[in-house]
Amino acid sequence: MLLHIPEVLTKMQVAQLRGALDAGVWLDGAKTSGPLAAEAKHNLQFSTESLDYPALSQSIIAALEKNALFVSAALPQRLLPPMFNRYADGNTYGNHVDNAIQMDRRNNERLRTDISVTVFLSEPEDYAGGELIIEDTYGSHEVKLPAGDAIIYPSSSLHRVEPVTAGERVASFLWVQSLVRDAWQRSMLFNLDMNLIRLRSQVGNTDEIVALTGHYHNLLRQWSS
Ligand code: NI
């Protein structure tokens, strides 16, 4: 399931992040990925050694964790620290699938990547190209969102970033290990949760809605790890 999550960050938060990021140190993105992905990856990545990095990264996590749509869709168990990338001057990231296992460098623990997240930090009109193209069973999807919005998609999907031919595209990206590993189960739970919320706002907490909410939680209990 691909899901657009609007306004994860306010425009003010985006401006503050961009101020710090634009003044910071950027490194060759290819040095930060496995050898297969590195061949396809031509961009810059904000230095994770930078003094600013932990707070910048944490501000993305805080914004996601208080976003109800993100929490319902991703059912996050653990989040890897968000990183930041920049594409300009024809930078691109060819077709690839993200590594299934990523190391959390803060504690040397391994995390399974179930969901990939991109939070856009440039306005679409500020650059040409740079679309995130995600292939799934329903075909190919082109994503280019307002600054502050996010897209989440299964990490198992083949995806790429088209060359940025003018301006620059800055984004944050991260991976989530979900409580529910299976994407189809996650998508059913999300659909049930969203419809329960709508029904509750239409007719209040009837006995039937309370019972169905119980089923939601019992399914989550069955499927979560
Ligand atoms: Ni990727």
# chains A, B, ... in the order shown; residues from 1 in each chain; ligands from 1
$ residues_around --residues "A:Leu51" --least-positions-apart "3" --cutoff "12 Å" --atoms "only C-alpha atoms" --output "ChimeraX atom specification"
/A:20-21,24-25,46-48,54-57
$ residues_around --residues "A:Ala40" --least-positions-apart "2" --cutoff "7 Å" --atoms "only C-alpha atoms" --output "ChimeraX atom specification"
/A:37-38,42,93-94
$ write_last_selection --atoms "N, CA and C atoms" --output "compact mmCIF listing (two decimals), in the first residue's frame"
# COMPACT_ATOMS: atom_id res chain seq x y z
N ALA A 37 23.27 -1.26 -4.34
CA ALA A 37 22.54 0.01 -4.39
C ALA A 37 23.49 1.15 -4.74
N ALA A 38 24.74 1.05 -4.29
CA ALA A 38 25.69 2.14 -4.51
C ALA A 38 25.90 2.42 -5.99
N HIS A 42 23.32 8.15 -7.00
CA HIS A 42 24.13 9.34 -7.30
C HIS A 42 23.45 10.53 -6.65
N TYR A 93 18.75 8.23 -8.58
CA TYR A 93 18.94 6.95 -7.88
C TYR A 93 18.16 5.92 -8.69
N GLY A 94 18.90 5.07 -9.42
CA GLY A 94 18.26 4.11 -10.33
C GLY A 94 17.45 3.06 -9.59
$ residues_near_ligand --ligand "ligand 1" --cutoff "8 Å" --atoms "only C-alpha atoms and all ligand atoms" --output "ChimeraX atom specification"
/A:93,96-98,116,155,159-160
$ closest_residue --among "A:Trp175, A:Gly148, A:Val164, A:Met188" --to "A:Met12" --atoms "only C-alpha atoms"
A:Gly148
$ residues_around --residues "A:Pro154" --least-positions-apart "2" --cutoff "6 Å" --atoms "only C-alpha atoms" --output "PyMOL selection string"
chain A and resi 114-115+156-157
$ atom_distance --atom1 "atom CA of A:Leu192" --atom2 "atom CA of A:Ser178"
17.2 Å
$ residues_around --residues "A:Ile134" --least-positions-apart "4" --cutoff "9 Å" --atoms "only C-alpha atoms" --output "tab-separated table (two decimals) with all heavy atoms, in the first residue's frame"
chain	number	residue	atom	x	y	z
A	2	LEU	N	0.59	2.09	-0.99
A	2	LEU	CA	1.24	3.40	-1.03
A	2	LEU	C	0.30	4.37	-0.33
A	2	LEU	O	-0.89	4.38	-0.64
A	2	LEU	CB	1.30	3.87	-2.48
A	2	LEU	CG	2.62	3.81	-3.21
A	2	LEU	CD1	2.91	2.37	-3.54
A	2	LEU	CD2	2.53	4.64	-4.47
A	139	GLY	N	1.16	-1.49	-10.98
A	139	GLY	CA	1.87	-0.68	-11.97
A	139	GLY	C	2.83	0.29	-11.32
A	139	GLY	O	3.28	0.09	-10.19
A	140	SER	N	3.11	1.38	-12.04
A	140	SER	CA	4.16	2.29	-11.64
A	140	SER	C	3.53	3.61	-11.16
A	140	SER	O	2.62	4.13	-11.80
A	140	SER	CB	5.03	2.47	-12.88
A	140	SER	OG	5.90	3.50	-12.73
A	141	HIS	N	3.97	4.10	-10.02
A	141	HIS	CA	3.38	5.31	-9.43
A	141	HIS	C	4.44	6.40	-9.33
A	141	HIS	O	5.56	6.14	-8.91
A	141	HIS	CB	2.83	5.01	-8.03
A	141	HIS	CG	1.89	3.86	-8.02
A	141	HIS	ND1	0.54	4.01	-8.19
A	141	HIS	CD2	2.12	2.53	-7.92
A	141	HIS	CE1	-0.04	2.81	-8.17
A	141	HIS	NE2	0.91	1.91	-8.02
A	142	GLU	N	4.04	7.62	-9.70
A	142	GLU	CA	4.96	8.75	-9.69
A	142	GLU	C	4.59	9.66	-8.53
A	142	GLU	O	3.45	10.08	-8.39
A	142	GLU	CB	4.75	9.49	-11.01
A	142	GLU	CG	5.77	10.54	-11.29
A	142	GLU	CD	5.50	11.18	-12.66
A	142	GLU	OE1	5.54	10.46	-13.68
A	142	GLU	OE2	5.24	12.39	-12.68
A	143	VAL	N	5.59	9.95	-7.67
A	143	VAL	CA	5.29	10.69	-6.44
A	143	VAL	C	6.18	11.92	-6.35
A	143	VAL	O	7.41	11.82	-6.44
A	143	VAL	CB	5.52	9.79	-5.20
A	143	VAL	CG1	5.15	10.53	-3.93
A	143	VAL	CG2	4.75	8.48	-5.30
A	153	TYR	N	5.56	3.40	1.63
A	153	TYR	CA	5.35	2.29	0.69
A	153	TYR	C	6.11	1.07	1.18
A	153	TYR	O	7.07	1.20	1.95
A	153	TYR	CB	5.77	2.70	-0.73
A	153	TYR	CG	7.19	3.18	-0.88
A	153	TYR	CD1	8.18	2.30	-1.33
A	153	TYR	CD2	7.56	4.49	-0.59
A	153	TYR	CE1	9.50	2.73	-1.48
A	153	TYR	CE2	8.87	4.92	-0.73
A	153	TYR	CZ	9.83	4.03	-1.18
A	153	TYR	OH	11.14	4.45	-1.32
A	157	SER	N	9.13	-2.94	-2.54
A	157	SER	CA	8.87	-2.45	-3.90
A	157	SER	C	10.12	-1.94	-4.59
A	157	SER	O	10.98	-1.31	-3.97
A	157	SER	CB	7.85	-1.30	-3.92
A	157	SER	OG	7.18	-1.16	-2.73
A	158	LEU	N	10.18	-2.21	-5.89
A	158	LEU	CA	11.24	-1.63	-6.73
A	158	LEU	C	10.94	-0.14	-6.87
A	158	LEU	O	9.79	0.24	-7.13
A	158	LEU	CB	11.18	-2.33	-8.09
A	158	LEU	CG	12.35	-2.16	-9.04
A	158	LEU	CD1	13.60	-2.80	-8.44
A	158	LEU	CD2	12.03	-2.80	-10.38
A	159	HIS	N	11.96	0.70	-6.70
A	159	HIS	CA	11.70	2.15	-6.81
A	159	HIS	C	12.95	2.88	-7.29
A	159	HIS	O	14.05	2.32	-7.28
A	159	HIS	CB	11.20	2.71	-5.48
A	159	HIS	CG	12.14	2.49	-4.34
A	159	HIS	ND1	12.18	1.31	-3.63
A	159	HIS	CD2	13.09	3.27	-3.78
A	159	HIS	CE1	13.10	1.38	-2.70
A	159	HIS	NE2	13.69	2.56	-2.77
A	160	ARG	N	12.77	4.12	-7.69
A	160	ARG	CA	13.90	4.94	-8.17
A	160	ARG	C	13.55	6.41	-8.00
A	160	ARG	O	12.39	6.76	-7.78
A	160	ARG	CB	14.21	4.63	-9.64
A	160	ARG	CG	13.12	5.05	-10.62
A	160	ARG	CD	13.51	4.74	-12.06
A	160	ARG	NE	12.50	5.14	-13.01
A	160	ARG	CZ	11.46	4.39	-13.37
A	160	ARG	NH1	11.28	3.18	-12.84
A	160	ARG	NH2	10.58	4.83	-14.25
A	161	VAL	N	14.58	7.25	-8.09
A	161	VAL	CA	14.37	8.70	-8.13
A	161	VAL	C	14.88	9.19	-9.48
A	161	VAL	O	16.04	8.97	-9.84
A	161	VAL	CB	15.10	9.41	-6.97
A	161	VAL	CG1	14.94	10.93	-7.08
A	161	VAL	CG2	14.56	8.92	-5.62
$ select_by_dssp --residues "stretch 39-122 of chain A" --states "strand (DSSP E)" --output "count of residues only"
33
$ residues_around --residues "stretch 65-67 of chain A" --least-positions-apart "6" --cutoff "10 Å" --atoms "only C-alpha atoms" --output "number ranges by chain"
A: 5-9, 59, 76, 79
$ write_last_selection --atoms "C-alpha atoms" --output "short mmCIF file (atom, residue, chain, number, x, y, z; two decimals), in the first residue's frame"
data_model
loop_
_atom_site.label_atom_id
_atom_site.label_comp_id
_atom_site.auth_asym_id
_atom_site.auth_seq_id
_atom_site.Cartn_x
_atom_site.Cartn_y
_atom_site.Cartn_z
CA ILE A 5 0.47 11.46 4.45
CA PRO A 6 -0.14 15.20 4.22
CA GLU A 7 1.43 17.78 6.54
CA VAL A 8 3.69 15.58 8.66
CA LEU A 9 5.70 18.79 9.13
CA SER A 59 12.42 15.94 14.88
CA PRO A 76 5.44 1.07 13.79
CA LEU A 79 12.01 3.32 13.35
#
$ residues_around --residues "A:Leu189" --least-positions-apart "3" --cutoff "9 Å" --atoms "only C-alpha atoms" --output "PyMOL selection string"
chain A and resi 72-73+184-186+192-194+216+219-220
$ residues_around --residues "A:Glu123" --least-positions-apart "6" --cutoff "9 Å" --atoms "only C-alpha atoms" --output "number ranges by chain"
A: 144-148, 169
$ select_by_dssp --residues "stretch 64-215 of chain A" --states "alpha helix (DSSP H)" --output "ChimeraX atom specification"
/A:64-65,68-74,183-203,207-215
$ atom_distance --atom1 "atom CA of A:Glu109" --atom2 "atom CA of A:Ala62"
20.6 Å
$ closest_residue --among "A:His215, A:Arg86, A:His4, A:Lys11" --to "A:Trp26" --atoms "only C-alpha atoms"
A:Arg86
$ closest_residue --among "A:Thr137, A:Thr213, A:Asn43, A:Gln102" --to "A:Val170" --atoms "only C-alpha atoms"
A:Asn43
$ closest_residue --among "A:Ala128, A:Leu179, A:Leu75, A:Met1" --to "A:Ala166" --atoms "only C-alpha atoms"
A:Ala128
$ decode --residues "stretch 163-189 of chain A" --atoms "N, CA and C atoms" --output "JSON list (two decimals), in the first residue's frame"
[["chain", "number", "residue", "atom", "x", "y", "z"],
["A", 163, "PRO", "N", 16.22, 11.65, -12.48],
["A", 163, "PRO", "CA", 17.24, 12.71, -12.41],
["A", 163, "PRO", "C", 16.63, 14.08, -12.13],
["A", 164, "VAL", "N", 17.30, 14.83, -11.26],
["A", 164, "VAL", "CA", 16.89, 16.22, -10.99],
["A", 164, "VAL", "C", 17.67, 17.10, -11.96],
["A", 165, "THR", "N", 16.95, 17.72, -12.88],
["A", 165, "THR", "CA", 17.61, 18.44, -13.97],
["A", 165, "THR", "C", 17.70, 19.94, -13.72],
["A", 166, "ALA", "N", 16.98, 20.45, -12.72],
["A", 166, "ALA", "CA", 17.10, 21.86, -12.34],
["A", 166, "ALA", "C", 16.69, 22.00, -10.88],
["A", 167, "GLY", "N", 17.28, 22.95, -10.18],
["A", 167, "GLY", "CA", 16.95, 23.15, -8.77],
["A", 167, "GLY", "C", 17.51, 22.01, -7.92],
["A", 168, "GLU", "N", 17.00, 21.89, -6.69],
["A", 168, "GLU", "CA", 17.45, 20.76, -5.86],
["A", 168, "GLU", "C", 16.29, 20.17, -5.07],
["A", 169, "ARG", "N", 16.42, 18.87, -4.85],
["A", 169, "ARG", "CA", 15.38, 18.11, -4.14],
["A", 169, "ARG", "C", 15.99, 17.60, -2.85],
["A", 170, "VAL", "N", 15.48, 18.11, -1.72],
["A", 170, "VAL", "CA", 15.96, 17.66, -0.41],
["A", 170, "VAL", "C", 14.82, 16.87, 0.23],
["A", 171, "ALA", "N", 15.16, 15.75, 0.82],
["A", 171, "ALA", "CA", 14.14, 14.91, 1.46],
["A", 171, "ALA", "C", 14.75, 14.18, 2.65],
["A", 172, "SER", "N", 13.88, 13.72, 3.53],
["A", 172, "SER", "CA", 14.31, 12.83, 4.60],
["A", 172, "SER", "C", 13.77, 11.45, 4.26],
["A", 173, "PHE", "N", 14.50, 10.40, 4.61],
["A", 173, "PHE", "CA", 14.02, 9.05, 4.35],
["A", 173, "PHE", "C", 14.37, 8.16, 5.54],
["A", 174, "LEU", "N", 13.54, 7.17, 5.74],
["A", 174, "LEU", "CA", 13.78, 6.23, 6.84],
["A", 174, "LEU", "C", 13.04, 4.94, 6.60],
["A", 175, "TRP", "N", 13.34, 3.96, 7.44],
["A", 175, "TRP", "CA", 12.67, 2.66, 7.37],
["A", 175, "TRP", "C", 12.01, 2.35, 8.69],
["A", 176, "VAL", "N", 10.92, 1.59, 8.55],
["A", 176, "VAL", "CA", 10.14, 1.21, 9.72],
["A", 176, "VAL", "C", 10.03, -0.32, 9.78],
["A", 177, "GLN", "N", 10.28, -0.87, 10.94],
["A", 177, "GLN", "CA", 9.88, -2.26, 11.18],
["A", 177, "GLN", "C", 8.51, -2.20, 11.81],
["A", 178, "SER", "N", 7.55, -2.84, 11.16],
["A", 178, "SER", "CA", 6.16, -2.75, 11.62],
["A", 178, "SER", "C", 5.84, -3.87, 12.60],
["A", 179, "LEU", "N", 4.86, -3.60, 13.46],
["A", 179, "LEU", "CA", 4.34, -4.66, 14.34],
["A", 179, "LEU", "C", 3.73, -5.78, 13.51],
["A", 180, "VAL", "N", 3.23, -5.42, 12.31],
["A", 180, "VAL", "CA", 2.60, -6.39, 11.42],
["A", 180, "VAL", "C", 3.46, -6.47, 10.16],
["A", 181, "ARG", "N", 4.12, -7.62, 10.00],
["A", 181, "ARG", "CA", 5.11, -7.75, 8.93],
["A", 181, "ARG", "C", 4.46, -7.79, 7.55],
["A", 182, "ASP", "N", 3.29, -8.40, 7.46],
["A", 182, "ASP", "CA", 2.67, -8.63, 6.16],
["A", 182, "ASP", "C", 1.93, -7.37, 5.67],
["A", 183, "ALA", "N", 2.27, -6.93, 4.46],
["A", 183, "ALA", "CA", 1.73, -5.67, 3.94],
["A", 183, "ALA", "C", 0.21, -5.75, 3.74],
["A", 184, "TRP", "N", -0.28, -6.91, 3.33],
["A", 184, "TRP", "CA", -1.72, -7.06, 3.08],
["A", 184, "TRP", "C", -2.49, -7.02, 4.40],
["A", 185, "GLN", "N", -1.96, -7.67, 5.43],
["A", 185, "GLN", "CA", -2.60, -7.60, 6.75],
["A", 185, "GLN", "C", -2.60, -6.17, 7.27],
["A", 186, "ARG", "N", -1.47, -5.48, 7.09],
["A", 186, "ARG", "CA", -1.40, -4.07, 7.53],
["A", 186, "ARG", "C", -2.44, -3.23, 6.81],
["A", 187, "SER", "N", -2.59, -3.48, 5.52],
["A", 187, "SER", "CA", -3.52, -2.66, 4.74],
["A", 187, "SER", "C", -4.97, -2.96, 5.15],
["A", 188, "MET", "N", -5.28, -4.22, 5.48],
["A", 188, "MET", "CA", -6.64, -4.54, 5.95],
["A", 188, "MET", "C", -6.92, -3.86, 7.30],
["A", 189, "LEU", "N", -5.95, -3.90, 8.19],
["A", 189, "LEU", "CA", -6.13, -3.26, 9.50],
["A", 189, "LEU", "C", -6.32, -1.75, 9.35]]
